[in-house]
$ cat data12.tsv   # TSV, C-alpha atoms
chain	number	residue	atom	x	y	z
R	1	MET	CA	218.31	99.91	238.72
R	2	PRO	CA	218.66	99.55	242.49
R	3	GLU	CA	220.55	102.15	244.52
R	4	VAL	CA	224.12	100.94	244.94
R	5	PHE	CA	227.00	101.99	247.14
R	6	ASN	CA	230.26	100.51	248.36
R	7	ILE	CA	231.48	99.94	251.89
R	8	ASN	CA	234.86	98.80	253.08
R	9	TYR	CA	234.67	95.64	255.18
R	10	ASN	CA	237.82	93.84	256.36
R	11	ASP	CA	239.88	95.71	253.75
R	12	GLN	CA	237.59	94.53	250.97
R	13	THR	CA	235.18	96.56	248.92
R	14	VAL	CA	231.68	95.24	249.40
R	15	LYS	CA	228.99	96.38	247.00
R	16	ILE	CA	225.65	97.05	248.65
R	17	GLU	CA	222.41	97.12	246.66
R	18	VAL	CA	219.39	98.71	248.29
R	19	HIS	CA	216.02	97.21	247.41
R	20	ASP	CA	212.49	97.92	248.44
R	21	ILE	CA	210.33	94.85	248.76
R	22	ASN	CA	206.70	95.51	249.59
R	23	GLY	CA	207.67	98.67	251.42
R	24	GLN	CA	210.49	97.00	253.39
R	25	THR	CA	214.10	97.92	252.78
R	26	ILE	CA	216.64	95.17	252.33
R	27	TYR	CA	220.35	95.44	251.61
R	28	ARG	CA	222.09	92.88	249.42
R	29	ALA	CA	225.82	92.69	250.09
R	30	HIS	CA	228.17	91.27	247.46
R	31	MET	CA	231.42	89.98	248.90
R	32	VAL	CA	234.05	88.61	246.54
R	33	GLY	CA	234.01	84.82	246.39
R	34	LYS	CA	230.82	84.45	248.42
R	35	HIS	CA	227.11	84.26	247.80
R	36	PRO	CA	225.42	87.64	248.14
R	37	ILE	CA	223.84	88.02	251.56
R	38	VAL	CA	220.72	89.95	252.45
R	39	LEU	CA	220.49	92.18	255.52
R	40	SER	CA	217.62	94.00	257.08
R	41	ARG	CA	216.86	95.84	260.29
R	42	ALA	CA	214.50	94.22	262.77
R	43	ARG	CA	213.17	95.14	266.19
R	44	ASN	CA	213.66	93.04	269.28
R	45	ALA	CA	211.16	92.51	272.09
R	46	MET	CA	212.62	95.49	273.98
R	47	GLY	CA	211.85	97.75	271.03
R	48	ASN	CA	215.48	98.16	269.97
R	49	TYR	CA	216.62	97.79	266.38
R	50	PHE	CA	219.17	95.18	265.38
R	51	TRP	CA	220.69	93.98	262.11
R	52	THR	CA	219.92	90.50	260.88
R	53	LEU	CA	220.59	88.35	257.87
R	54	ILE	CA	217.60	87.22	255.85
R	55	PRO	CA	217.30	84.27	256.19
R	56	GLN	CA	218.94	83.95	259.61
R	57	GLY	CA	222.71	83.57	259.58
R	58	ASP	CA	226.00	84.85	260.95
R	59	LYS	CA	225.16	87.45	263.64
R	60	LYS	CA	228.67	88.90	263.67
R	61	ILE	CA	228.60	89.67	259.94
R	62	ALA	CA	225.07	91.07	260.25
R	63	ASN	CA	226.16	93.42	263.05
R	64	GLU	CA	229.40	94.52	261.41
R	65	ILE	CA	228.12	95.08	257.88
R	66	GLY	CA	224.87	96.51	259.23
R	67	ALA	CA	226.81	99.10	261.21
R	68	LEU	CA	228.76	100.10	258.07
R	69	ILE	CA	225.54	100.41	256.07
R	70	GLU	CA	224.04	102.56	258.81
R	71	GLU	CA	227.11	104.75	258.83
R	72	HIS	CA	226.86	105.23	255.06
R	73	VAL	CA	223.12	105.93	255.12
R	74	LYS	CA	223.49	108.53	257.88
R	75	LYS	CA	226.13	110.49	255.92
A	1	MET	CA	208.83	83.12	273.22
A	2	CYS	CA	210.04	83.91	269.70
A	3	TYR	CA	213.60	84.32	268.58
A	4	TYR	CA	215.10	85.51	265.30
A	5	ASN	CA	218.83	85.34	264.68
A	6	GLY	CA	219.47	85.04	268.41
A	7	GLN	CA	217.34	88.02	269.43
A	8	ARG	CA	214.08	87.78	271.34
A	9	VAL	CA	211.38	89.28	269.15
A	10	THR	CA	207.63	89.64	269.31
A	11	ARG	CA	205.47	87.12	267.51
A	12	ALA	CA	204.39	89.84	265.05
A	13	GLU	CA	208.02	90.72	264.27
A	14	LYS	CA	208.88	87.06	263.84
A	15	ILE	CA	206.02	86.64	261.35
A	16	ARG	CA	207.11	89.79	259.49
A	17	LEU	CA	210.67	88.49	259.22
A	18	MET	CA	209.53	85.07	258.06
A	19	GLN	CA	207.39	86.75	255.40
A	20	LEU	CA	210.37	88.87	254.40
A	21	GLU	CA	212.39	85.65	253.96
A	22	LYS	CA	209.82	84.42	251.47
A	23	LEU	CA	209.79	87.74	249.63
A	24	VAL	CA	213.57	87.74	249.43
A	25	ALA	CA	213.55	84.17	248.09
A	26	ASP	CA	211.16	85.24	245.32
A	27	PHE	CA	212.97	88.50	244.84
A	28	ASP	CA	213.18	89.98	241.39
A	29	PHE	CA	216.73	88.89	240.72
A	30	LEU	CA	216.52	90.28	237.19
A	31	ASN	CA	216.78	93.70	238.74
A	32	SER	CA	220.51	93.38	238.97
A	33	PRO	CA	223.04	95.39	236.99
A	34	LEU	CA	225.66	92.67	236.86
A	35	GLN	CA	225.12	89.16	235.49
A	36	GLU	CA	228.68	87.95	235.62
A	37	GLY	CA	228.73	84.87	237.77
A	38	PHE	CA	232.28	85.12	239.13
A	39	ASP	CA	230.82	84.74	242.60
A	40	PHE	CA	228.71	81.74	241.69
A	41	GLY	CA	225.69	83.91	242.34
A	42	PRO	CA	222.13	83.62	241.07
A	43	ASN	CA	221.36	84.29	237.43
A	44	ALA	CA	218.19	84.48	235.38
A	45	VAL	CA	217.66	81.35	233.33
A	46	LEU	CA	214.86	80.24	231.01
A	47	LYS	CA	214.00	76.69	232.02
A	48	PRO	CA	211.60	74.59	229.93
A	49	ILE	CA	208.43	73.43	231.65
A	50	SER	CA	208.34	69.65	231.44
A	51	GLY	CA	206.00	68.38	228.72
A	52	LYS	CA	205.21	71.83	227.33
A	53	GLU	CA	206.71	74.13	224.78
A	54	ASP	CA	206.84	76.83	227.41
A	55	TYR	CA	209.32	78.00	230.00
A	56	ASP	CA	209.70	79.62	233.38
A	57	ILE	CA	212.20	82.35	234.20
A	58	VAL	CA	213.95	80.98	237.24
A	59	LYS	CA	216.94	81.69	239.42
A	60	MET	CA	219.88	79.31	239.08
A	61	GLU	CA	223.37	79.22	240.51
A	62	TRP	CA	226.15	79.65	237.94
A	63	GLY	CA	228.63	76.79	238.26
A	64	PHE	CA	227.34	73.35	237.29
A	65	LEU	CA	227.36	70.97	240.26
A	66	PRO	CA	227.30	67.20	239.83
A	67	THR	CA	224.62	65.49	241.90
A	68	TYR	CA	227.10	63.35	243.87
A	69	LEU	CA	228.61	66.29	245.81
A	70	GLN	CA	227.55	65.77	249.42
A	71	ASN	CA	227.46	69.29	250.83
A	72	ARG	CA	228.76	72.86	250.44
A	73	GLU	CA	232.13	71.85	251.81
A	74	ALA	CA	232.43	69.28	249.03
A	75	VAL	CA	231.31	71.96	246.56
A	76	GLN	CA	234.10	74.24	247.75
A	77	ARG	CA	236.69	71.48	247.32
A	78	PHE	CA	235.25	70.59	243.91
A	79	ARG	CA	235.44	74.18	242.70
A	80	ILE	CA	238.64	75.42	244.28
A	81	GLY	CA	240.66	72.25	244.77
A	82	TYR	CA	242.15	70.71	247.89
A	83	LYS	CA	245.14	68.85	249.33
A	84	ASP	CA	244.65	65.09	249.54
A	85	GLU	CA	245.85	62.95	252.47
A	86	ASN	CA	249.36	62.84	250.94
A	87	GLY	CA	249.55	66.60	250.72
A	88	LYS	CA	249.16	66.56	246.94
A	89	TRP	CA	247.15	69.43	245.50
A	90	ILE	CA	244.06	68.25	243.62
A	91	THR	CA	242.96	70.90	241.15
A	92	GLY	CA	239.34	72.00	241.23
A	93	TYR	CA	236.90	72.00	238.33
A	94	ASP	CA	235.79	75.14	236.56
A	95	THR	CA	232.20	74.37	235.65
A	96	LEU	CA	231.06	77.90	234.88
A	97	ASN	CA	231.49	77.00	231.23
A	98	ALA	CA	231.11	73.76	229.29
A	99	LYS	CA	232.96	73.48	226.01
A	100	ALA	CA	230.61	72.55	223.17
A	101	GLU	CA	232.99	69.90	221.89
A	102	ASN	CA	233.16	68.28	225.35
A	103	LEU	CA	229.48	68.06	226.15
A	104	PHE	CA	229.43	64.29	225.65
A	105	MET	CA	233.08	63.32	225.84
A	106	ASN	CA	235.62	65.16	227.96
A	107	GLU	CA	239.13	66.15	226.90
A	108	LYS	CA	240.51	62.86	228.25
A	109	GLY	CA	238.14	60.91	226.01
A	110	LYS	CA	235.94	59.82	228.91
A	111	PRO	CA	232.15	60.37	229.27
A	112	SER	CA	231.56	63.99	230.22
A	113	MET	CA	229.87	65.06	233.46
A	114	TYR	CA	227.66	67.23	231.25
A	115	ARG	CA	226.32	64.49	228.98
A	116	PHE	CA	222.94	63.86	230.65
A	117	ALA	CA	222.28	67.57	231.08
A	118	ALA	CA	223.17	68.22	227.43
A	119	LYS	CA	220.68	65.57	226.42
A	120	GLU	CA	217.88	66.27	228.88
A	121	ARG	CA	218.34	69.60	230.65
A	122	ARG	CA	219.12	72.40	228.25
A	123	CYS	CA	218.26	75.98	229.16
A	124	LEU	CA	218.88	79.54	228.06
A	125	VAL	CA	220.85	82.00	230.14
A	126	LEU	CA	219.55	85.52	229.91
A	127	SER	CA	222.26	88.12	229.52
A	128	SER	CA	222.64	91.79	228.80
A	129	GLY	CA	226.41	91.54	228.34
A	130	PHE	CA	229.41	89.51	229.38
A	131	TYR	CA	233.04	90.08	230.31
A	132	GLU	CA	236.29	88.74	228.91
A	133	TRP	CA	239.94	89.59	229.46
A	134	ARG	CA	242.32	90.67	226.72
A	135	GLN	CA	245.98	89.92	227.31
A	136	ILE	CA	248.62	92.38	226.18
A	137	PHE	CA	252.33	91.67	226.50
A	138	PRO	CA	254.07	94.97	227.27
A	139	LYS	CA	257.45	95.56	225.68
A	140	ASN	CA	260.64	95.61	227.69
A	141	LYS	CA	261.75	99.24	227.71
A	142	ARG	CA	265.39	98.32	227.19
A	143	THR	CA	265.22	95.49	224.65
A	144	GLY	CA	261.87	96.27	223.01
A	145	LEU	CA	260.96	92.59	223.29
A	146	PRO	CA	257.60	91.51	224.72
A	147	LEU	CA	257.63	90.63	228.42
A	148	LYS	CA	256.69	87.11	229.47
A	149	THR	CA	253.85	88.17	231.74
A	150	PRO	CA	250.83	89.74	230.08
A	151	VAL	CA	248.73	92.58	231.44
A	152	LYS	CA	245.03	91.70	231.45
A	153	TYR	CA	242.42	94.25	230.41
A	154	PRO	CA	238.71	93.52	230.92
A	155	TYR	CA	236.16	94.14	228.20
A	156	ARG	CA	232.41	94.16	228.20
A	157	ILE	CA	230.81	92.56	225.16
A	158	PHE	CA	227.18	93.18	224.26
A	159	LEU	CA	224.73	93.09	221.37
A	160	PRO	CA	223.81	96.69	220.52
A	161	ASP	CA	220.52	95.66	218.92
A	162	GLU	CA	219.37	93.43	221.79
A	163	GLU	CA	218.68	94.56	225.34
A	164	TYR	CA	218.83	90.91	226.40
A	165	PHE	CA	220.10	87.90	224.52
A	166	PHE	CA	220.31	84.15	225.05
A	167	MET	CA	223.33	82.04	225.81
A	168	ALA	CA	223.04	78.26	225.55
A	169	GLY	CA	223.17	76.56	228.92
A	170	ILE	CA	222.80	73.18	230.57
A	171	TRP	CA	221.57	72.72	234.12
A	172	ASN	CA	221.57	70.24	236.94
A	173	PRO	CA	219.60	70.16	240.20
A	174	TRP	CA	221.76	69.84	243.31
A	175	THR	CA	220.85	69.15	246.94
A	176	ASP	CA	223.05	69.61	249.99
A	177	LYS	CA	222.56	66.26	251.72
A	178	ASP	CA	223.40	67.80	255.11
A	179	THR	CA	221.11	70.82	255.11
A	180	GLY	CA	218.53	70.01	252.45
A	181	GLU	CA	219.40	73.20	250.52
A	182	HIS	CA	218.30	72.73	246.94
A	183	VAL	CA	219.52	74.74	243.97
A	184	ASP	CA	219.47	74.38	240.24
A	185	THR	CA	222.95	74.98	238.86
A	186	PHE	CA	224.07	75.67	235.32
A	187	ALA	CA	226.99	76.03	232.94
A	188	ILE	CA	227.13	78.19	229.83
A	189	THR	CA	228.31	76.40	226.74
A	190	THR	CA	231.21	77.93	224.90
A	191	THR	CA	232.42	77.73	221.35
A	192	THR	CA	235.60	78.70	219.61
A	193	ALA	CA	236.12	82.39	218.95
A	194	THR	CA	238.44	81.67	216.04
A	195	GLY	CA	236.93	83.32	213.01
A	196	ASN	CA	234.96	85.82	215.07
A	197	ILE	CA	237.16	88.84	214.42
A	198	LEU	CA	235.94	90.70	217.49
A	199	MET	CA	236.11	87.91	220.06
A	200	GLU	CA	239.40	86.42	218.94
A	201	GLN	CA	241.02	89.79	219.61
A	202	VAL	CA	239.28	90.37	222.93
A	203	HIS	CA	239.61	86.89	224.42
A	204	ASN	CA	242.97	86.45	222.75
A	205	SER	CA	244.38	83.96	225.27
A	206	LYS	CA	241.81	81.19	225.05
A	207	LYS	CA	239.95	82.31	221.94
A	208	ARG	CA	236.61	81.10	223.32
A	209	MET	CA	233.22	82.75	223.54
A	210	PRO	CA	229.82	81.88	224.97
A	211	THR	CA	227.35	80.25	222.59
A	212	ILE	CA	224.97	83.09	221.81
A	213	LEU	CA	221.81	81.88	220.10
A	214	ASN	CA	219.41	83.74	217.85
A	215	GLU	CA	215.67	83.28	218.46
A	216	GLU	CA	215.38	80.30	216.11
A	217	LEU	CA	218.30	78.35	217.56
A	218	ALA	CA	217.28	79.29	221.11
A	219	TYR	CA	213.86	77.72	220.53
A	220	GLU	CA	215.41	74.58	219.06
A	221	TRP	CA	217.94	74.35	221.91
A	222	MET	CA	215.21	74.48	224.54
A	223	PHE	CA	212.42	72.45	222.97
A	224	GLY	CA	213.90	70.38	220.15
A	225	LYS	CA	214.23	66.60	220.36
A	226	LEU	CA	217.81	66.69	219.23
A	227	SER	CA	220.45	64.14	218.32
A	228	ASP	CA	223.82	64.38	220.05
A	229	GLU	CA	225.30	65.68	216.81
A	230	ARG	CA	222.73	68.47	216.53
A	231	ILE	CA	223.23	69.44	220.20
A	232	ILE	CA	226.96	69.83	219.57
A	233	GLU	CA	226.30	71.64	216.29
A	234	ILE	CA	224.10	74.25	217.99
A	235	ALA	CA	226.46	74.58	220.95
A	236	LYS	CA	229.33	75.21	218.53
A	237	SER	CA	227.45	77.87	216.58
A	238	GLN	CA	229.12	81.25	216.54
A	239	TYR	CA	227.30	84.53	216.74
A	240	PRO	CA	228.35	86.96	213.96
A	241	TRP	CA	230.90	89.51	215.09
A	242	GLN	CA	229.14	92.20	213.04
A	243	LYS	CA	226.26	92.10	215.55
A	244	MET	CA	228.51	92.37	218.61
A	245	GLN	CA	230.38	95.25	220.21
A	246	ALA	CA	233.07	95.42	222.87
A	247	TYR	CA	234.66	98.14	224.94
A	248	SER	CA	237.26	98.23	227.67
A	249	ILE	CA	236.22	98.69	231.30
A	250	ALA	CA	238.07	99.38	234.53
A	251	LYS	CA	240.21	96.59	235.97
A	252	ASP	CA	238.31	96.76	239.25
A	253	PHE	CA	234.94	96.78	237.48
A	254	LYS	CA	233.50	94.14	239.79
A	255	ALA	CA	233.60	96.59	242.68
A	256	ALA	CA	232.45	99.56	240.61
A	257	LEU	CA	229.09	101.17	241.18
A	258	ASP	CA	228.38	100.70	237.49
A	259	PRO	CA	230.49	97.77	236.25
A	260	THR	CA	229.41	98.36	232.64
A	261	GLU	CA	230.97	101.82	232.51
A	262	ALA	CA	233.55	102.24	229.74
A	263	PHE	CA	237.14	102.91	230.78
A	264	SER	CA	239.84	104.12	228.38
A	265	TYR	CA	243.47	103.07	228.62
A	266	SER	CA	246.29	104.70	226.70
A	267	GLU	CA	246.76	103.31	223.20
A	268	GLN	CA	250.32	102.49	224.11
A	269	ASP	CA	249.10	100.19	226.88
A	270	LEU	CA	246.03	98.84	225.11
A	271	PRO	CA	246.05	99.07	221.31
A	272	PRO	CA	242.58	99.48	219.82
A	273	LEU	CA	240.77	96.47	218.35
A	274	VAL	CA	241.19	96.22	214.61
A	275	LEU	CA	237.87	95.55	212.93
A	276	PRO	CA	236.99	95.74	209.24
A	277	ILE	CA	234.07	97.96	208.39
A	278	ALA	CA	230.98	95.76	208.49
A	279	ALA	CA	229.29	95.36	205.11
$ encode --input "data12.tsv" --output "structure tokens"
Amino acid sequence: MPEVFNINYNDQTVKIEVHDINGQTIYRAHMVGKHPIVLSRARNAMGNYFWTLIPQGDKKIANEIGALIEEHVKK
Amino acid sequence: MCYYNGQRVTRAEKIRLMQLEKLVADFDFLNSPLQEGFDFGPNAVLKPISGKEDYDIVKMEWGFLPTYLQNREAVQRFRIGYKDENGKWITGYDTLNAKAENLFMNEKGKPSMYRFAAKERRCLVLSSGFYEWRQIFPKNKRTGLPLKTPVKYPYRIFLPDEEYFFMAGIWNPWTDKDTGEHVDTFAITTTTATGNILMEQVHNSKKRMPTILNEELAYEWMFGKLSDERIIEIAKSQYPWQKMQAYSIAKDFKAALDPTEAFSYSEQDLPPLVLPIAA
């Protein structure tokens, strides 16, 4: 069973599953009425981390949900 | 210069992310605690390999899509409904399930959208349990008469002797003509629950249940060269209630960390199921 936790995004509960694929962590977010999306952290050319969808997609959602995941993980 | 999702990244990072995309696409989707399909998400399906009595376990999208749908926008309209140019609401189609008796002819007596799939593209949907809603009409406190609006309580139904079991399905490939996205989509066939003492109490509004197949029927459903009559006969088959169990779960189970967790309601709100002792 994958590790699972919930976050609150736009007043909706979003279930997050944490998976390890070949040593890389991905987060699968289940939003009601939508396809699950996959997020991961990546590093830009300046060496800074950013959140992205896998495959590439809505940057706003990646940033917002990524920040909530980070907040949960840091707790 | 390489970019990924609008950010400038090194070539090595770009390659890593592209590899991660492939890994995610092949991801072990069986490793999921909830196979419920309300979100039209991916499910594990046994799909016959053409020309062989063998199968692949593949990922398919729950919610049968006819080939003619142009793109995801059309899919959304097809599933949810839309207002036409005169402002009239056109109801969407629920293609999560296909009634056994309507596989070849729909309820209006016209050829069914499922007929070619029933004939040529049958599959098995792998499940560890499914969910149905039981409707209870609470009594008016003053008059003692049942209220008009029922309260719905979700149940999880499973086979205690089987970790996984097969539900009969039909599938159809679908391509988004705008983006090239390709998915295989499926519907689970359903049969009447009347006569199945457990399911007719749980799914007491529609009295339907998925077609659960034993090993023998599952093999025939996937690989048999079947007449239309036999296809309907198998799709209508009813799994014995003695081999099934059901328990109530929380109303917000879809958001729960463990959606399969039992949840008890007061007997006044939700009377227990009445089942004879199995012989």
$ closest_residue --input "data12.tsv" --among "R:Asn6, R:Gln12, R:Gln24, R:Gln56" --to "Val73 of chain R" --atoms "all atoms listed in the file"
R:Asn6
$ atom_distance --input "data12.tsv" --atom1 "atom CA of Trp62 of chain A" --atom2 "atom CA of Phe186 of chain A"
5.2 Å
$ residues_around --input "data12.tsv" --residues "segment 67-76 of chain A" --least-positions-apart "3" --cutoff "12 Å" --atoms "all atoms listed in the file" --output "PyMOL selection string"
(chain R and resi 33-35) or (chain A and resi 40+63-64+79-82+91-95+113-114+116-117+171-185)
$ residues_around --input "data12.tsv" --residues "Tyr239 of chain A" --least-positions-apart "2" --cutoff "12 Å" --atoms "all atoms listed in the file" --output "number ranges by chain"
A: 158-159, 165-168, 190-199, 208-215, 217, 234-237, 241-245
$ residues_near_point --input "data12.tsv" --point "(246.3, 93.8, 223.8)" --cutoff "8 Å" --atoms "only C-alpha atoms" --output "list in words"
Arg134, Gln135, Ile136, Phe137, Tyr153, Gln201, Val202, Asp269, Leu270, Pro271 and Pro272 of chain A
$ atom_distance --input "data12.tsv" --atom1 "atom CA of Asn48 of chain R" --atom2 "atom CA of Cys2 of chain A"
15.3 Å
$ atom_distance --input "data12.tsv" --atom1 "atom CA of Lys119 of chain A" --atom2 "atom CA of Ser50 of chain A"
13.9 Å
$ closest_residue --input "data12.tsv" --among "A:Gly129, A:Leu20, A:Asp84, A:Tyr155" --to "Asp20 of chain R" --atoms "only C-alpha atoms"
A:Leu20
$ closest_residue --input "data12.tsv" --among "A:Asp228, A:Glu61, A:Glu261, A:Glu216" --to "Pro36 of chain R" --atoms "only C-alpha atoms"
A:Glu61
$ axis_aligned_box --input "data12.tsv" --around "segment 38-56 of chain R" --padding-each-side "6 Å" --output "lines of an AutoDock Vina configuration file"
center_x = 215.9
center_y = 91.1
center_z = 263.2
size_x = 21.6
size_y = 26.2
size_z = 33.5
$ residues_near_point --input "data12.tsv" --point "(211.0, 92.7, 246.7)" --cutoff "6 Å" --atoms "all atoms listed in the file" --output "PyMOL selection string"
(chain R and resi 20-22) or (chain A and resi 23+27)
$ interface_residues --input "data12.tsv" --of "chain R" --to "chain A" --cutoff "10 Å" --atoms "only C-alpha atoms" --output "number ranges by chain"
R: 1-6, 12-17, 19, 21-22, 24-26, 28, 30-36, 38, 40-48, 50-59, 62
$ closest_residue --input "data12.tsv" --among "A:Pro240, A:Pro276, A:Gly51, A:Pro154" --to "Asn204 of chain A" --atoms "all atoms listed in the file"
A:Pro154
$ residues_around --input "data12.tsv" --residues "Phe104 of chain A" --least-positions-apart "6" --cutoff "7 Å" --atoms "only C-alpha atoms" --output "short mmCIF file (atom, residue, chain, number, x, y, z; two decimals) with C-alpha atoms, in the frame of the given file"
data_model
loop_
_atom_site.label_atom_id
_atom_site.label_comp_id
_atom_site.auth_asym_id
_atom_site.auth_seq_id
_atom_site.Cartn_x
_atom_site.Cartn_y
_atom_site.Cartn_z
CA PRO A 111 232.15 60.37 229.27
CA SER A 112 231.56 63.99 230.22
CA TYR A 114 227.66 67.23 231.25
CA ARG A 115 226.32 64.49 228.98
#
$ residues_around --input "data12.tsv" --residues "Ile69 of chain R" --least-positions-apart "2" --cutoff "10 Å" --atoms "all atoms listed in the file" --output "PDB file with C-alpha atoms, in the coordinates of the input"
ATOM      1  CA  PHE R   5     227.000 101.990 247.140  1.00  0.00           C
ATOM      2  CA  ASN R   6     230.260 100.510 248.360  1.00  0.00           C
ATOM      3  CA  ILE R   7     231.480  99.940 251.890  1.00  0.00           C
ATOM      4  CA  ASN R   8     234.860  98.800 253.080  1.00  0.00           C
ATOM      5  CA  ILE R  16     225.650  97.050 248.650  1.00  0.00           C
ATOM      6  CA  TYR R  27     220.350  95.440 251.610  1.00  0.00           C
ATOM      7  CA  ALA R  29     225.820  92.690 250.090  1.00  0.00           C
ATOM      8  CA  LEU R  39     220.490  92.180 255.520  1.00  0.00           C
ATOM      9  CA  ASN R  63     226.160  93.420 263.050  1.00  0.00           C
ATOM     10  CA  GLU R  64     229.400  94.520 261.410  1.00  0.00           C
ATOM     11  CA  ILE R  65     228.120  95.080 257.880  1.00  0.00           C
ATOM     12  CA  GLY R  66     224.870  96.510 259.230  1.00  0.00           C
ATOM     13  CA  ALA R  67     226.810  99.100 261.210  1.00  0.00           C
ATOM     14  CA  GLU R  71     227.110 104.750 258.830  1.00  0.00           C
ATOM     15  CA  HIS R  72     226.860 105.230 255.060  1.00  0.00           C
ATOM     16  CA  VAL R  73     223.120 105.930 255.120  1.00  0.00           C
ATOM     17  CA  LYS R  74     223.490 108.530 257.880  1.00  0.00           C
TER      18      LYS R  74
END
$ decode --input "data12.tsv" --residues "segment 17-30 of chain R" --atoms "N, CA, C and O atoms" --output "mmCIF file, in the first residue's frame"
data_model
loop_
_atom_site.group_PDB
_atom_site.id
_atom_site.type_symbol
_atom_site.label_atom_id
_atom_site.label_comp_id
_atom_site.auth_asym_id
_atom_site.auth_seq_id
_atom_site.Cartn_x
_atom_site.Cartn_y
_atom_site.Cartn_z
ATOM 1 N N GLU R 17 -1.224 10.209 -2.876
ATOM 2 C CA GLU R 17 -0.504 8.950 -2.692
ATOM 3 C C GLU R 17 0.970 9.213 -2.981
ATOM 4 O O GLU R 17 1.298 9.885 -3.950
ATOM 5 N N VAL R 18 1.812 8.672 -2.134
ATOM 6 C CA VAL R 18 3.257 8.839 -2.331
ATOM 7 C C VAL R 18 3.815 7.527 -2.886
ATOM 8 O O VAL R 18 3.571 6.466 -2.314
ATOM 9 N N HIS R 19 4.525 7.612 -3.993
ATOM 10 C CA HIS R 19 5.096 6.409 -4.596
ATOM 11 C C HIS R 19 6.579 6.611 -4.846
ATOM 12 O O HIS R 19 7.028 7.726 -5.129
ATOM 13 N N ASP R 20 7.271 5.516 -4.776
ATOM 14 C CA ASP R 20 8.695 5.526 -5.115
ATOM 15 C C ASP R 20 8.860 4.762 -6.415
ATOM 16 O O ASP R 20 8.513 3.599 -6.512
ATOM 17 N N ILE R 21 9.364 5.436 -7.428
ATOM 18 C CA ILE R 21 9.594 4.755 -8.696
ATOM 19 C C ILE R 21 11.074 4.839 -9.003
ATOM 20 O O ILE R 21 11.605 5.929 -9.239
ATOM 21 N N ASN R 22 11.710 3.701 -9.005
ATOM 22 C CA ASN R 22 13.162 3.647 -9.263
ATOM 23 C C ASN R 22 13.926 4.684 -8.439
ATOM 24 O O ASN R 22 14.768 5.427 -8.954
ATOM 25 N N GLY R 23 13.559 4.791 -7.182
ATOM 26 C CA GLY R 23 14.283 5.691 -6.288
ATOM 27 C C GLY R 23 13.854 7.146 -6.383
ATOM 28 O O GLY R 23 14.436 8.012 -5.737
ATOM 29 N N GLN R 24 12.841 7.442 -7.221
ATOM 30 C CA GLN R 24 12.371 8.823 -7.351
ATOM 31 C C GLN R 24 10.965 8.922 -6.760
ATOM 32 O O GLN R 24 10.126 8.060 -7.021
ATOM 33 N N THR R 25 10.738 9.950 -5.992
ATOM 34 C CA THR R 25 9.437 10.093 -5.334
ATOM 35 C C THR R 25 8.475 10.855 -6.235
ATOM 36 O O THR R 25 8.813 11.925 -6.757
ATOM 37 N N ILE R 26 7.307 10.278 -6.403
ATOM 38 C CA ILE R 26 6.242 10.997 -7.121
ATOM 39 C C ILE R 26 5.017 11.055 -6.220
ATOM 40 O O ILE R 26 4.854 10.225 -5.322
ATOM 41 N N TYR R 27 4.184 12.031 -6.455
ATOM 42 C CA TYR R 27 2.968 12.224 -5.667
ATOM 43 C C TYR R 27 1.787 12.183 -6.636
ATOM 44 O O TYR R 27 1.771 12.952 -7.616
ATOM 45 N N ARG R 28 0.847 11.300 -6.360
ATOM 46 C CA ARG R 28 -0.337 11.220 -7.225
ATOM 47 C C ARG R 28 -1.500 11.858 -6.485
ATOM 48 O O ARG R 28 -1.862 11.421 -5.393
ATOM 49 N N ALA R 29 -2.055 12.899 -7.073
ATOM 50 C CA ALA R 29 -3.126 13.668 -6.420
ATOM 51 C C ALA R 29 -4.471 13.317 -7.046
ATOM 52 O O ALA R 29 -4.627 13.371 -8.268
ATOM 53 N N HIS R 30 -5.422 12.942 -6.183
ATOM 54 C CA HIS R 30 -6.764 12.573 -6.657
ATOM 55 C C HIS R 30 -7.738 13.696 -6.331
ATOM 56 O O HIS R 30 -8.082 13.903 -5.174
#
